[in-house]
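What follows is one structure encoded as structure tokens, with my remarks underneath.
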Amino acid sequence: MTEQLLKLIADKYPLTETDVGEFAEVKANGMKFHIRAFRAEGLGIVSEIRAKGMLGLMKMDSVIVDPFLVDLPLYSYDRIRAMGNDVLIAELYDTLLTPFDESKLNEVKAKFASLPERDPGKHWYDEIKLKSSISKKGKKKNSASVDALALKHFETYLASPAPQADEQRKREKARYYVNGLLEKGGPSTDAFVKAIGKEKTKELFEKYLFGTEN
């Protein structure tokens, strides 16, 4: 799925891969993470994470879009397949300088309302998470529908009006989220901190995954 999402981006915003050095492969919590990062022309920073663990029984894939050059929200796609479950978490965060119309994204959510909901729990970043975010937990039998939802939601996000933006102001808005992850934690953040330490996690997040480095 991540390759399909990257292709959707590349069709509109050409991608140039960045060398992530030592972060290309990271082991954490019994998982092996393969990490790639890109500069998306006219958009901002894009990163991809693929992970496997439990002898291949658990798979996690992520795509992060941090748009600095246009005024879109930050987009985080996570897909977790384990123990017969298929989890989709697609979250949009308010890094916006101007109002953003979520109506089309909410229409997509409504079309897939029959898919089982997942309780996302309570987190410090809920205050900046947009209503058009998704949290679903299905079974293998639901995977085709989960795929369709993931693709349609992401396509709709990329098709949203994207006015040019002040890059520095957009970076500052994104830093609030990234700094919060580093200071207050999050599921994947905590795993990276435990595996490679806080300083290396900070470098990974700021330099490659979100591109908020000063």
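By order of appearance in the structure tokens: chains A, B, ..., then residues from 1 within every chain, and ligands from 1 in the order shown.
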
How close does each residue of region 52-115 of chain A get to region 141-160 of chain A, giving the shortest atom pair and distance in Å to one decimal for every residue with an atom at most 9 Å away, counting only C-alpha atoms, sorted by chain and residue number, as a tab-separated table?
```
residue	atom	partner	partner_atom	distance
A:Leu72	CA	A:Ser160	CA	7.9
A:Pro73	CA	A:Tyr157	CA	8.9
A:Tyr75	CA	A:Tyr157	CA	8.4
A:Tyr77	CA	A:Ala150	CA	8.3
A:Asp86	CA	A:Ser143	CA	6.5
A:Val87	CA	A:Val146	CA	8.3
A:Leu88	CA	A:Val146	CA	7.1
A:Ile89	CA	A:Ala150	CA	8.9
A:Ala90	CA	A:Ala150	CA	7.6
A:Phe100	CA	A:Ser160	CA	8.6
A:Asp101	CA	A:Ser160	CA	7.9
A:Glu102	CA	A:Ser160	CA	8.7
A:Lys104	CA	A:Thr156	CA	6.9
A:Leu105	CA	A:His153	CA	6.2
A:Asn106	CA	A:His153	CA	8.9
A:Val108	CA	A:His153	CA	6.2
A:Lys109	CA	A:His153	CA	7.6
A:Lys111	CA	A:Leu149	CA	8.6
A:Phe112	CA	A:Leu149	CA	6.7
A:Leu115	CA	A:Asn142	CA	7.5
```

Write out the residues from the selection above, keeping N, CA and C atoms, as a compact mmCIF listing (two decimals), in the first residue's frame.
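Listing of selection-v2.txt after writing:
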```txt
# COMPACT_ATOMS: atom_id res chain seq x y z
N LEU A 72 -1.62 22.54 3.37
CA LEU A 72 -2.38 21.34 3.67
C LEU A 72 -2.03 20.90 5.09
N PRO A 73 -2.89 20.11 5.74
CA PRO A 73 -2.53 19.57 7.05
C PRO A 73 -1.46 18.49 6.92
N TYR A 75 -0.21 14.85 7.23
CA TYR A 75 -0.96 13.60 7.07
C TYR A 75 -0.09 12.42 7.51
N TYR A 77 -0.25 8.22 7.77
CA TYR A 77 -0.93 6.96 7.46
C TYR A 77 -0.20 5.82 8.16
N ASP A 86 -6.62 -6.10 10.96
CA ASP A 86 -6.13 -5.14 9.97
C ASP A 86 -6.54 -3.74 10.45
N VAL A 87 -5.55 -2.99 10.93
CA VAL A 87 -5.81 -1.68 11.52
C VAL A 87 -5.36 -0.56 10.58
N LEU A 88 -6.22 0.41 10.38
CA LEU A 88 -5.90 1.60 9.59
C LEU A 88 -6.03 2.83 10.48
N ILE A 89 -4.96 3.60 10.56
CA ILE A 89 -4.98 4.87 11.28
C ILE A 89 -4.48 5.94 10.31
N ALA A 90 -5.36 6.81 9.89
CA ALA A 90 -5.00 7.91 8.99
C ALA A 90 -5.37 9.20 9.69
N PHE A 100 -9.23 24.99 6.35
CA PHE A 100 -9.16 23.80 5.49
C PHE A 100 -10.53 23.14 5.45
N ASP A 101 -11.01 22.86 4.25
CA ASP A 101 -12.33 22.25 4.06
C ASP A 101 -12.20 20.72 4.15
N GLU A 102 -12.77 20.15 5.20
CA GLU A 102 -12.70 18.71 5.42
C GLU A 102 -13.90 17.96 4.85
N LYS A 104 -14.99 16.91 1.91
CA LYS A 104 -14.79 15.80 0.99
C LYS A 104 -14.20 14.59 1.71
N LEU A 105 -13.27 14.84 2.63
CA LEU A 105 -12.67 13.75 3.41
C LEU A 105 -13.72 13.10 4.30
N ASN A 106 -14.60 13.91 4.87
CA ASN A 106 -15.66 13.36 5.71
C ASN A 106 -16.68 12.56 4.90
N VAL A 108 -15.84 10.73 2.35
CA VAL A 108 -15.17 9.43 2.17
C VAL A 108 -15.36 8.58 3.43
N LYS A 109 -15.16 9.17 4.59
CA LYS A 109 -15.37 8.45 5.85
C LYS A 109 -16.78 7.88 5.92
N LYS A 111 -18.81 7.02 3.55
CA LYS A 111 -19.03 5.92 2.61
C LYS A 111 -18.52 4.59 3.15
N PHE A 112 -17.54 4.65 4.06
CA PHE A 112 -16.96 3.43 4.63
C PHE A 112 -17.33 3.27 6.11
N LEU A 115 -17.29 -0.16 8.10
CA LEU A 115 -16.07 -0.80 8.61
C LEU A 115 -15.95 -0.57 10.11
```

key: helix (DSSP H, G or I) residues, from DSSP on the backbone, in region 20-159 of chain A, as JSON, numbers by chain   = {"A": [21, 22, 23, 24, 54, 55, 56, 103, 104, 105, 106, 107, 108, 109, 110, 111, 124, 125, 126, 127, 128, 140, 141, 142, 143, 144, 145, 146, 147, 148, 149, 150, 151, 152, 153, 154, 155, 156, 157, 158, 159]}

note = As a check of understanding: the span from CA of Leu74 (chain A) to CA of Asp61 (chain A) is 17.1 Å

ask   = Can you list, as a ChimeraX atom specification, every protein, DNA or RNA residue that comes within 12 Å of Pro163 (chain A) when you count only C-alpha atoms, leaving out same-chain residues fewer than 4 positions away?
value = /A:42-43,67-73,96-100,159,167

Export of the given selection (N, CA, C and O atoms) as a short mmCIF file (atom, residue, chain, number, x, y, z; two decimals), in the first residue's frame:
```
data_model
loop_
_atom_site.label_atom_id
_atom_site.label_comp_id
_atom_site.auth_asym_id
_atom_site.auth_seq_id
_atom_site.Cartn_x
_atom_site.Cartn_y
_atom_site.Cartn_z
N GLY A 42 7.36 20.97 -4.66
CA GLY A 42 6.14 21.76 -4.55
C GLY A 42 5.24 21.37 -3.38
O GLY A 42 4.18 21.98 -3.20
N LEU A 43 5.67 20.39 -2.59
CA LEU A 43 4.84 19.93 -1.48
C LEU A 43 5.57 20.03 -0.13
O LEU A 43 5.13 20.76 0.76
N PRO A 67 3.65 18.86 4.62
CA PRO A 67 3.66 19.86 3.55
C PRO A 67 4.08 21.24 4.06
O PRO A 67 3.40 21.85 4.88
N PHE A 68 5.22 21.70 3.58
CA PHE A 68 5.73 23.03 3.96
C PHE A 68 5.45 24.08 2.89
O PHE A 68 5.41 25.27 3.19
N LEU A 69 5.29 23.62 1.66
CA LEU A 69 5.21 24.56 0.54
C LEU A 69 3.78 24.90 0.14
O LEU A 69 3.56 25.88 -0.56
N VAL A 70 2.84 24.09 0.60
CA VAL A 70 1.42 24.36 0.38
C VAL A 70 0.68 24.23 1.71
O VAL A 70 1.15 23.56 2.63
N ASP A 71 -0.48 24.87 1.80
CA ASP A 71 -1.19 24.89 3.07
C ASP A 71 -2.19 23.73 3.18
O ASP A 71 -3.40 23.91 3.10
N LEU A 72 -1.62 22.54 3.37
CA LEU A 72 -2.38 21.34 3.67
C LEU A 72 -2.03 20.90 5.09
O LEU A 72 -0.95 21.23 5.60
N PRO A 73 -2.89 20.11 5.74
CA PRO A 73 -2.53 19.57 7.05
C PRO A 73 -1.46 18.49 6.92
O PRO A 73 -1.31 17.87 5.86
N LEU A 96 -2.00 24.15 9.78
CA LEU A 96 -2.56 25.04 8.76
C LEU A 96 -2.40 26.52 9.11
O LEU A 96 -2.39 26.90 10.28
N LEU A 97 -2.30 27.32 8.06
CA LEU A 97 -2.24 28.78 8.21
C LEU A 97 -3.58 29.41 7.82
O LEU A 97 -3.86 30.55 8.18
N THR A 98 -4.38 28.66 7.06
CA THR A 98 -5.68 29.14 6.59
C THR A 98 -6.71 28.04 6.80
O THR A 98 -6.34 26.87 7.00
N PRO A 99 -8.01 28.35 6.75
CA PRO A 99 -9.04 27.32 6.95
C PRO A 99 -8.93 26.20 5.91
O PRO A 99 -8.57 26.43 4.75
N PHE A 100 -9.23 24.99 6.35
CA PHE A 100 -9.16 23.80 5.49
C PHE A 100 -10.53 23.14 5.45
O PHE A 100 -11.14 22.88 6.48
N ALA A 159 -6.02 15.84 -3.41
CA ALA A 159 -6.81 16.63 -4.35
C ALA A 159 -7.41 17.89 -3.71
O ALA A 159 -8.02 18.71 -4.40
N GLU A 167 6.79 28.94 3.93
CA GLU A 167 7.49 27.73 4.37
C GLU A 167 7.90 27.79 5.83
O GLU A 167 7.74 26.81 6.58
#
```

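Using only C-alpha atoms, the contacts of region 46-55 of chain A at a cut-off of 8 Å, with sequence neighbours closer than 4 positions omitted, comprise Thr2, Gly30, Met31, Lys32, Phe33, His34, Ile35, Arg36, Ala37, Phe38, Arg39, Ala40, Lys59, Met60, Asp61, Ser62, Val63, Ile64, Val65, Asp66, Tyr208, Leu209 and Phe210 of chain A.
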
Print the selection's residues with N, CA and C atoms to a file, as a short mmCIF file (atom, residue, chain, number, x, y, z; two decimals), in the first residue's frame.
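Just written: selection-v9.cif:
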```cif
data_model
loop_
_atom_site.label_atom_id
_atom_site.label_comp_id
_atom_site.auth_asym_id
_atom_site.auth_seq_id
_atom_site.Cartn_x
_atom_site.Cartn_y
_atom_site.Cartn_z
N THR A 2 1.99 1.25 0.73
CA THR A 2 2.80 2.47 0.78
C THR A 2 3.30 2.86 -0.60
N GLY A 30 11.47 -5.59 18.95
CA GLY A 30 11.36 -6.84 18.22
C GLY A 30 10.96 -6.68 16.77
N MET A 31 10.92 -5.43 16.29
CA MET A 31 10.56 -5.13 14.91
C MET A 31 11.77 -4.59 14.16
N LYS A 32 11.82 -4.86 12.87
CA LYS A 32 12.86 -4.30 12.02
C LYS A 32 12.21 -3.26 11.12
N PHE A 33 12.66 -2.00 11.25
CA PHE A 33 12.08 -0.89 10.50
C PHE A 33 12.97 -0.50 9.33
N HIS A 34 12.38 -0.40 8.16
CA HIS A 34 13.08 0.10 6.97
C HIS A 34 12.51 1.49 6.66
N ILE A 35 13.38 2.47 6.63
CA ILE A 35 12.95 3.87 6.55
C ILE A 35 13.48 4.54 5.28
N ARG A 36 12.61 5.28 4.62
CA ARG A 36 12.99 6.08 3.45
C ARG A 36 12.42 7.48 3.62
N ALA A 37 13.10 8.45 3.03
CA ALA A 37 12.63 9.83 3.10
C ALA A 37 12.78 10.48 1.72
N PHE A 38 11.91 11.44 1.43
CA PHE A 38 11.88 12.08 0.12
C PHE A 38 11.60 13.58 0.26
N ARG A 39 12.07 14.31 -0.72
CA ARG A 39 11.62 15.70 -0.90
C ARG A 39 10.61 15.68 -2.04
N ALA A 40 9.44 16.21 -1.78
CA ALA A 40 8.38 16.23 -2.78
C ALA A 40 8.31 17.64 -3.36
N LYS A 59 3.05 -6.84 10.67
CA LYS A 59 3.56 -5.91 9.67
C LYS A 59 2.99 -4.52 9.92
N MET A 60 3.86 -3.53 9.86
CA MET A 60 3.44 -2.15 10.05
C MET A 60 4.00 -1.30 8.92
N ASP A 61 3.15 -0.47 8.34
CA ASP A 61 3.58 0.43 7.26
C ASP A 61 3.09 1.84 7.56
N SER A 62 3.93 2.81 7.25
CA SER A 62 3.57 4.21 7.51
C SER A 62 4.01 5.09 6.36
N VAL A 63 3.25 6.13 6.12
CA VAL A 63 3.63 7.21 5.21
C VAL A 63 3.29 8.52 5.90
N ILE A 64 4.25 9.43 5.94
CA ILE A 64 4.03 10.74 6.54
C ILE A 64 4.21 11.80 5.46
N VAL A 65 3.27 12.71 5.37
CA VAL A 65 3.38 13.85 4.46
C VAL A 65 3.40 15.12 5.31
N ASP A 66 4.52 15.84 5.27
CA ASP A 66 4.62 17.10 6.01
C ASP A 66 4.77 18.22 4.99
N TYR A 208 14.59 13.68 8.96
CA TYR A 208 14.11 12.82 7.89
C TYR A 208 12.59 12.58 7.87
N LEU A 209 12.02 12.13 8.98
CA LEU A 209 10.60 11.76 8.94
C LEU A 209 9.68 12.96 8.75
N PHE A 210 10.01 14.09 9.40
CA PHE A 210 9.14 15.27 9.31
C PHE A 210 9.84 16.49 8.69
#
```

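Note that CA of Arg118 (chain A) and CA of Ala82 (chain A) are 14.6 Å apart.
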
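Separating CA of Arg171 (chain A) from CA of Ile45 (chain A) is a distance of 10.6 Å.
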
ask   = Residues of chain A in strand (DSSP E) according to DSSP, as a PyMOL selection string?
value = chain A and resi 15-18+25-28+31-40+44-53+58-67+74-82+85-93+134-139

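Of the listed residues A:Asn29, A:Arg175, A:Ile134, A:Lys7, the one whose atoms come nearest to Ala191 (chain A) is A:Asn29, with distances taken using only C-alpha atoms.
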
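Across A:Gly186, A:Ser135, A:Glu41, A:Gln4, the tightest approach to Glu17 (chain A) is made by A:Glu41 when counting only C-alpha atoms.
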